[in-house]
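Shown next, in structure tokens, is the structure this report addresses.
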Amino acid sequence: MTGTSQPRDSLSLRIDSRIKQRYENRILEKFGTLEPYAGTELERELRVVIGQGELSKLVDRTHELARSLGERQGENKKSSPNRSGETVVVGYRIHAEIRDKVKKEAQNAADVTYARDIVESVMWAYACGNQTESKVADRLDRIEAFVEAKTSDKDAKTRRTESIIEAVTPGEFLLEDFNQAVDEEASGINSGDYAREEYLPRVLAELDYTYHPENPSLFISTDKVDCSDQDPRDKLQFLRDEDDEIKIILKDAIESAKSTSKPKSNIRYTPADAVAVLGKGTTQKAARSKFEQVASRSERIEYEKTEGCLTVQTNFGQRSGDMSRHTLDDLDAIDRSSDRDEA
């Protein structure tokens with residue numbers, strides 16, 4: 001003999017009689033006989049429970065693959081064992097090492113009390129057709145479907161974007177031209193909020209287009225406009241990004257201070273003020289979340305965190321301790337300061 005095999009011992013655990021019968025029916029259905037399969041199949045499933053063996057590695061790799069792809073594990077629909085209340089001693093023969101590790105697992109687990117609880121759960125899952133191989137196969141099928149759906153969705157968006165571009169170019173185009181192209185050329189979607197929010201930015205990015213400074217609904221090549229002169233308040237709301245919204249609040253806060261009737265008093269700029277300038281769909285909570293960044297872009301603005309508002313200085317002369325001067329008559333200077341902060 002070139003080696004010795006590990007000894008197989010009787011499991012010798014009292015198992016609910018109904019669970020045992022269902023498990024053995026499943027073994028007979030698959031193999032036509034109980035021996036040795038009742039023991040070998042149970043041992044293989046128990047190895048997964050204790051994290052041992054190639055099947056256990058396959059389970060771990062499958063879960064790792066799913067997590068890396070962003071596919072979430074489906075709801076755990078494992079049913080509880082349907083116990084009869086009567087128990088019988090089960091003498092299936094498994095490796096002694098596995099039997100001992102299952103007992104240790106039961107001692108350390110928070111959701112079971114005895115080794116028989118683990119064995120009954122495994123036997124019941126197997127009887128219900130939920131053996132490990134089947135669960136891994138189901139998970140791999142879900143991963144495949146998830147990847148196919150993602151790939152298909154990406155391909156569809158690419159095709160729709162290309163179709164819209166072909167319809168609106170060459171040359172400049174209006175928002176109504178984009179809407180018409182969506183309805184006539186982009187299969188599966190219609191013009192509306194979703195198409196404008198999802199596809200118009202894609203089209204503009206692909207073409208390197210921007211909105212016309214005098215007509216925000218007209219889109220032209222960036223070569224034909226000085227983008228640094230654009231006021232984000234003129235940009236269509238669904239095209240604004242977070243930085244646009246921060247600049248809009250900054251400009252509005254400063255202009256509000258400039259127009260106050262009490263030039264020697266500071267003004268309070270509230271989330272409601274920000275919502276009013278940002279437009280519908282913006283909540284006060286979302287507006288307030290940008291106040292700290294707004295304040296960081298101007299020496300004349302402070303964020304009062306406890307009150308959830310901005311304090312804007314209306315005295316634009318030199319302030320004690322200041323090394324620089326800002327005036328509301330020079331909003332471009334504020335923009336340049338903002339650009340330096342972003343760099």
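Ordered as shown in the structure tokens, chains take letters A, B, and onward, while each chain numbers its residues from 1 and ligands are numbered from 1 in the order shown.
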
Practice item. List every residue of region 167-301 of chain A that DSSP, applied to the backbone of this structure, places in strand (DSSP E or B), and write the result as a list in words. Key: Phe173, Leu174, Tyr209, Thr210, Tyr211, His212, Asn215, Pro216, Ser217, Leu218, Phe219, Ile220, Ser221, Ile267, Arg268, Tyr269 and Ile301 of chain A

Output the selection as an mmCIF file, in the first residue's frame - C-alpha atoms for each residue.
```cif
data_model
loop_
_atom_site.group_PDB
_atom_site.id
_atom_site.type_symbol
_atom_site.label_atom_id
_atom_site.label_comp_id
_atom_site.auth_asym_id
_atom_site.auth_seq_id
_atom_site.Cartn_x
_atom_site.Cartn_y
_atom_site.Cartn_z
ATOM 1 C CA PHE A 173 -28.870 71.680 -33.201
ATOM 2 C CA LEU A 174 -31.698 72.726 -30.905
ATOM 3 C CA TYR A 209 -20.562 70.547 -27.967
ATOM 4 C CA THR A 210 -21.888 72.998 -25.393
ATOM 5 C CA TYR A 211 -24.869 75.284 -25.024
ATOM 6 C CA HIS A 212 -24.925 78.683 -26.735
ATOM 7 C CA ASN A 215 -29.630 80.494 -26.151
ATOM 8 C CA PRO A 216 -29.223 77.550 -23.721
ATOM 9 C CA SER A 217 -31.449 75.359 -25.925
ATOM 10 C CA LEU A 218 -29.027 75.684 -28.844
ATOM 11 C CA PHE A 219 -25.974 73.438 -28.893
ATOM 12 C CA ILE A 220 -22.796 74.299 -30.773
ATOM 13 C CA SER A 221 -19.176 73.213 -30.996
ATOM 14 C CA ILE A 267 -27.012 88.908 5.200
ATOM 15 C CA ARG A 268 -28.156 85.363 5.877
ATOM 16 C CA TYR A 269 -28.442 83.157 2.814
ATOM 17 C CA ILE A 301 -18.875 83.953 2.956
#
```

**Study point:** Residues within 8 Å of region 38-47 of chain A, only C-alpha atoms, excluding chain neighbours under 4 positions, as a VMD selection string
**Key:** chain A and resid 24 27 34 51 to 53 55 to 56 92 to 95 98 102 119 122 to 123 131 to 132

Emit the selected residues as a PDB file, in the first residue's frame, including C-alpha atoms.
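As written to disk, part_0.pdb reads:
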```
ATOM      1  CA  GLU A  24     -32.889   9.226   1.852  1.00  0.00           C
ATOM      2  CA  ILE A  27     -30.520   9.848  -2.435  1.00  0.00           C
ATOM      3  CA  LEU A  34     -28.352   4.435  -0.198  1.00  0.00           C
ATOM      4  CA  GLY A  51     -14.974  25.539   4.674  1.00  0.00           C
ATOM      5  CA  GLN A  52     -13.038  22.511   3.514  1.00  0.00           C
ATOM      6  CA  GLY A  53     -12.543  20.921   0.092  1.00  0.00           C
ATOM      7  CA  LEU A  55     -16.496  22.473  -3.547  1.00  0.00           C
ATOM      8  CA  SER A  56     -16.109  24.938  -0.682  1.00  0.00           C
ATOM      9  CA  TYR A  92     -24.053   7.178   7.794  1.00  0.00           C
ATOM     10  CA  ARG A  93     -20.310   6.732   7.606  1.00  0.00           C
ATOM     11  CA  ILE A  94     -18.240   9.880   7.107  1.00  0.00           C
ATOM     12  CA  HIS A  95     -14.632  10.755   7.796  1.00  0.00           C
ATOM     13  CA  ILE A  98     -15.352  15.962   9.280  1.00  0.00           C
ATOM     14  CA  VAL A 102     -18.915  19.785  12.492  1.00  0.00           C
ATOM     15  CA  VAL A 119     -26.666  18.097   9.914  1.00  0.00           C
ATOM     16  CA  VAL A 122     -27.868  20.252   5.388  1.00  0.00           C
ATOM     17  CA  MET A 123     -29.946  17.101   4.913  1.00  0.00           C
ATOM     18  CA  GLN A 131     -27.509  20.930  -2.518  1.00  0.00           C
ATOM     19  CA  THR A 132     -24.379  23.042  -2.916  1.00  0.00           C
TER      20      THR A 132
END
```

Review point. Could you pull the residues within 10 Å of region 124-130 of chain A, counting only C-alpha atoms, minus those fewer than 3 positions along the same chain, as a ChimeraX atom specification?
Key: /A:18-27,41-42,45,78-83,118-121,133-136,138

Prev. selection, C-alpha atoms, output as a compact mmCIF listing (two decimals), in the first residue's frame:
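Written output follows (selection.txt):
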```txt
# COMPACT_ATOMS: atom_id res chain seq x y z
CA ARG A 18 -38.99 12.98 8.70
CA ILE A 19 -35.82 14.82 7.62
CA LYS A 20 -33.97 11.51 7.42
CA GLN A 21 -36.70 9.97 5.29
CA ARG A 22 -36.84 12.92 2.90
CA TYR A 23 -33.05 12.92 2.57
CA GLU A 24 -32.89 9.23 1.85
CA ASN A 25 -35.70 9.49 -0.71
CA ARG A 26 -33.62 12.08 -2.53
CA ILE A 27 -30.52 9.85 -2.43
CA GLU A 41 -23.11 13.14 -0.26
CA LEU A 42 -23.69 14.30 3.30
CA GLU A 45 -22.13 19.10 1.91
CA LYS A 78 -33.96 28.53 2.52
CA SER A 79 -36.88 26.80 4.18
CA SER A 80 -36.78 25.57 7.75
CA PRO A 81 -36.63 21.80 8.25
CA ASN A 82 -40.08 20.24 8.55
CA ARG A 83 -39.57 18.18 11.67
CA ILE A 118 -26.23 21.62 11.28
CA VAL A 119 -26.67 18.10 9.91
CA GLU A 120 -30.45 18.37 9.80
CA SER A 121 -30.24 21.71 7.99
CA GLU A 133 -23.78 22.19 -6.57
CA SER A 134 -27.30 23.34 -7.46
CA LYS A 135 -26.91 26.59 -5.50
CA VAL A 136 -23.58 27.34 -7.18
CA ASP A 138 -28.02 28.93 -9.85
```

Practice item. Name the residues in contact with region 230-235 of chain A at a cut-off of 6 Å, using only C-alpha atoms, excluding same-chain residues fewer than 3 positions from it; report them as a PyMOL selection string. Key: chain A and resi 213+216+227+244+248

Produce a file of the selected residues containing N, CA and C atoms, as a PDB file, in the first residue's frame.
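Generated file (again12.pdb):
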```pdb
ATOM      1  N   PRO A 213     -24.231  80.581 -25.344  1.00  0.00           N
ATOM      2  CA  PRO A 213     -24.376  81.503 -24.204  1.00  0.00           C
ATOM      3  C   PRO A 213     -25.612  82.389 -24.277  1.00  0.00           C
ATOM      4  N   PRO A 216     -29.611  78.822 -24.344  1.00  0.00           N
ATOM      5  CA  PRO A 216     -29.223  77.550 -23.721  1.00  0.00           C
ATOM      6  C   PRO A 216     -29.811  76.319 -24.392  1.00  0.00           C
ATOM      7  N   CYS A 227     -15.984  79.090 -23.439  1.00  0.00           N
ATOM      8  CA  CYS A 227     -16.690  78.430 -22.329  1.00  0.00           C
ATOM      9  C   CYS A 227     -16.447  79.125 -20.994  1.00  0.00           C
ATOM     10  N   ASP A 244     -21.441  73.168 -11.078  1.00  0.00           N
ATOM     11  CA  ASP A 244     -22.301  74.238 -11.598  1.00  0.00           C
ATOM     12  C   ASP A 244     -23.212  74.770 -10.488  1.00  0.00           C
ATOM     13  N   ILE A 248     -23.480  78.513  -8.926  1.00  0.00           N
ATOM     14  CA  ILE A 248     -24.744  79.253  -8.986  1.00  0.00           C
ATOM     15  C   ILE A 248     -25.099  79.813  -7.613  1.00  0.00           C
TER      16      ILE A 248
END
```

Practice item. May I ask for the distance between CA of Glu64 (chain A) and CA of Ile143 (chain A), given in Å to one decimal place? Key: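 CA of Ile143 (chain A) lies 11.2 Å from CA of Glu64 (chain A).
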
Review point. Among region 28-99 of chain A, which residues carry a DSSP assignment of alpha helix (DSSP H), reported as number ranges by chain?
Key: A: 28-31, 37-49, 54-69, 96-99

Convert the current residue selection to file output with N, CA and C atoms, as a tab-separated table (two decimals), in the first residue's frame.
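Writing the result to selection-v7.tsv gives the following:
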```tsv
chain	number	residue	atom	x	y	z
A	28	LEU	N	-32.02	8.00	-3.00
A	28	LEU	CA	-32.51	6.89	-3.81
A	28	LEU	C	-32.94	7.37	-5.19
A	29	GLU	N	-33.54	8.55	-5.25
A	29	GLU	CA	-33.97	9.11	-6.53
A	29	GLU	C	-32.78	9.37	-7.44
A	30	LYS	N	-31.67	9.83	-6.86
A	30	LYS	CA	-30.49	10.18	-7.66
A	30	LYS	C	-29.63	8.97	-7.99
A	31	PHE	N	-29.45	8.08	-7.02
A	31	PHE	CA	-28.45	7.03	-7.18
A	31	PHE	C	-29.02	5.61	-7.20
A	37	TYR	N	-23.79	6.39	-0.85
A	37	TYR	CA	-24.07	7.78	-1.22
A	37	TYR	C	-24.69	8.61	-0.09
A	38	ALA	N	-25.47	7.98	0.77
A	38	ALA	CA	-26.05	8.74	1.88
A	38	ALA	C	-24.96	9.37	2.73
A	39	GLY	N	-23.84	8.64	2.90
A	39	GLY	CA	-22.73	9.16	3.68
A	39	GLY	C	-21.84	10.09	2.90
A	40	THR	N	-21.48	9.73	1.65
A	40	THR	CA	-20.55	10.55	0.87
A	40	THR	C	-21.16	11.89	0.46
A	41	GLU	N	-22.46	11.88	0.11
A	41	GLU	CA	-23.11	13.14	-0.26
A	41	GLU	C	-23.23	14.07	0.95
A	42	LEU	N	-23.58	13.48	2.09
A	42	LEU	CA	-23.69	14.30	3.30
A	42	LEU	C	-22.33	14.87	3.67
A	43	GLU	N	-21.29	14.06	3.57
A	43	GLU	CA	-19.95	14.54	3.91
A	43	GLU	C	-19.53	15.69	3.01
A	44	ARG	N	-19.84	15.57	1.72
A	44	ARG	CA	-19.46	16.64	0.79
A	44	ARG	C	-20.14	17.95	1.16
A	45	GLU	N	-21.41	17.88	1.53
A	45	GLU	CA	-22.13	19.10	1.91
A	45	GLU	C	-21.59	19.66	3.23
A	46	LEU	N	-21.25	18.77	4.14
A	46	LEU	CA	-20.72	19.24	5.42
A	46	LEU	C	-19.34	19.87	5.27
A	47	ARG	N	-18.57	19.40	4.30
A	47	ARG	CA	-17.26	20.02	4.05
A	47	ARG	C	-17.42	21.49	3.66
A	48	VAL	N	-18.47	21.81	2.94
A	48	VAL	CA	-18.73	23.21	2.56
A	48	VAL	C	-19.04	24.03	3.80
A	49	VAL	N	-19.81	23.45	4.72
A	49	VAL	CA	-20.18	24.15	5.95
A	49	VAL	C	-18.95	24.53	6.75
A	54	GLU	N	-12.66	21.19	-2.31
A	54	GLU	CA	-12.73	21.93	-3.57
A	54	GLU	C	-14.10	22.57	-3.80
A	55	LEU	N	-15.16	21.90	-3.36
A	55	LEU	CA	-16.50	22.47	-3.55
A	55	LEU	C	-16.65	23.74	-2.71
A	56	SER	N	-16.07	23.74	-1.52
A	56	SER	CA	-16.11	24.94	-0.68
A	56	SER	C	-15.36	26.09	-1.36
A	57	LYS	N	-14.22	25.78	-1.97
A	57	LYS	CA	-13.47	26.80	-2.70
A	57	LYS	C	-14.28	27.36	-3.86
A	58	LEU	N	-15.02	26.47	-4.54
A	58	LEU	CA	-15.85	26.92	-5.67
A	58	LEU	C	-16.94	27.87	-5.19
A	59	VAL	N	-17.53	27.56	-4.04
A	59	VAL	CA	-18.55	28.45	-3.48
A	59	VAL	C	-17.96	29.82	-3.19
A	60	ASP	N	-16.81	29.85	-2.55
A	60	ASP	CA	-16.16	31.12	-2.22
A	60	ASP	C	-15.80	31.91	-3.46
A	61	ARG	N	-15.26	31.22	-4.46
A	61	ARG	CA	-14.87	31.92	-5.70
A	61	ARG	C	-16.10	32.48	-6.41
A	62	THR	N	-17.19	31.74	-6.37
A	62	THR	CA	-18.42	32.22	-7.01
A	62	THR	C	-18.93	33.48	-6.35
A	63	HIS	N	-18.92	33.49	-5.01
A	63	HIS	CA	-19.36	34.70	-4.29
A	63	HIS	C	-18.41	35.87	-4.56
A	64	GLU	N	-17.12	35.61	-4.61
A	64	GLU	CA	-16.15	36.67	-4.89
A	64	GLU	C	-16.37	37.25	-6.28
A	65	LEU	N	-16.63	36.38	-7.26
A	65	LEU	CA	-16.90	36.84	-8.62
A	65	LEU	C	-18.14	37.71	-8.66
A	66	ALA	N	-19.19	37.27	-7.98
A	66	ALA	CA	-20.43	38.04	-7.96
A	66	ALA	C	-20.22	39.42	-7.34
A	67	ARG	N	-19.49	39.46	-6.21
A	67	ARG	CA	-19.24	40.75	-5.55
A	67	ARG	C	-18.41	41.68	-6.43
A	68	SER	N	-17.42	41.12	-7.13
A	68	SER	CA	-16.56	41.96	-7.98
A	68	SER	C	-17.33	42.55	-9.15
A	69	LEU	N	-18.37	41.87	-9.58
A	69	LEU	CA	-19.18	42.34	-10.71
A	69	LEU	C	-20.34	43.23	-10.25
A	96	ALA	N	-13.96	10.73	10.11
A	96	ALA	CA	-13.98	11.15	11.51
A	96	ALA	C	-13.61	12.62	11.65
A	97	GLU	N	-12.67	13.08	10.83
A	97	GLU	CA	-12.24	14.48	10.90
A	97	GLU	C	-13.40	15.43	10.63
A	98	ILE	N	-14.22	15.10	9.63
A	98	ILE	CA	-15.35	15.96	9.28
A	98	ILE	C	-16.38	15.95	10.40
A	99	ARG	N	-16.66	14.80	10.96
A	99	ARG	CA	-17.62	14.72	12.06
A	99	ARG	C	-17.17	15.58	13.24
```

Review point. Out of A:Ala274, A:Ile50, A:Ala145, A:Ile165, which residue has the shortest atom-to-atom distance to Lys101 (chain A) when counting only C-alpha atoms?
Key: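 Closest residue, counting only C-alpha atoms: A:Ile50.
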
Point to revise | Exercise: region 184-190 of chain A partners within 8 Å, only C-alpha atoms, chain neighbours under 5 positions left out, as a list in words | key: Arg159, Arg160, Thr161, Ser163, Ile164, Ala167 and Ala195 of chain A

Could you save those same residues with C-alpha atoms as a compact mmCIF listing (two decimals), in the first residue's frame?
```txt
# COMPACT_ATOMS: atom_id res chain seq x y z
CA ARG A 159 -26.36 52.54 -30.27
CA ARG A 160 -28.98 55.07 -29.25
CA THR A 161 -26.36 57.76 -28.68
CA SER A 163 -28.29 57.23 -33.76
CA ILE A 164 -29.15 60.54 -32.11
CA ALA A 167 -29.74 62.62 -36.74
CA ALA A 195 -33.80 60.91 -22.51
```

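For the residues A:Val168, A:Ala205, A:Val275, A:Val294, ranking by smallest atom-to-atom distance to Asp243 (chain A) using only C-alpha atoms places A:Val294 first.
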
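CA of Asp117 (chain A) lies 9.8 Å from CA of Asp16 (chain A).
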
Check your understanding: Which residue gives the smallest distance to Arg300 (chain A) among A:Ala253, A:Leu204, A:Val225, A:Ala287, with only C-alpha atoms counted?
Key -> A:Ala253

Study note, to complete from the structure: Counting only C-alpha atoms, the residue among A:Arg288, A:Arg240, A:Lys224, A:Arg142 that lies closest to Arg196 (chain A) is A:Arg240

Point to revise | Using only C-alpha atoms: which of A:Gly70, A:Gly91, A:Gly279, A:Pro271 has the shortest distance to Glu35 (chain A) | key: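 Residue with the minimum atom-to-atom distance to Glu35 (chain A): A:Gly91.
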
Check your understanding: What does the distance between CA of Thr222 (chain A) and CA of Asp208 (chain A) come to in Å, to one decimal place?
Key -> 6.2 Å

**Study point:** A:Glu307, A:Pro201, A:Leu207, A:Asp193 ranked by distance to Gly171 (chain A), top pick (using only C-alpha atoms)
**Key:**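 Of A:Glu307, A:Pro201, A:Leu207, A:Asp193, the one nearest Gly171 (chain A) is A:Leu207, counting only C-alpha atoms.
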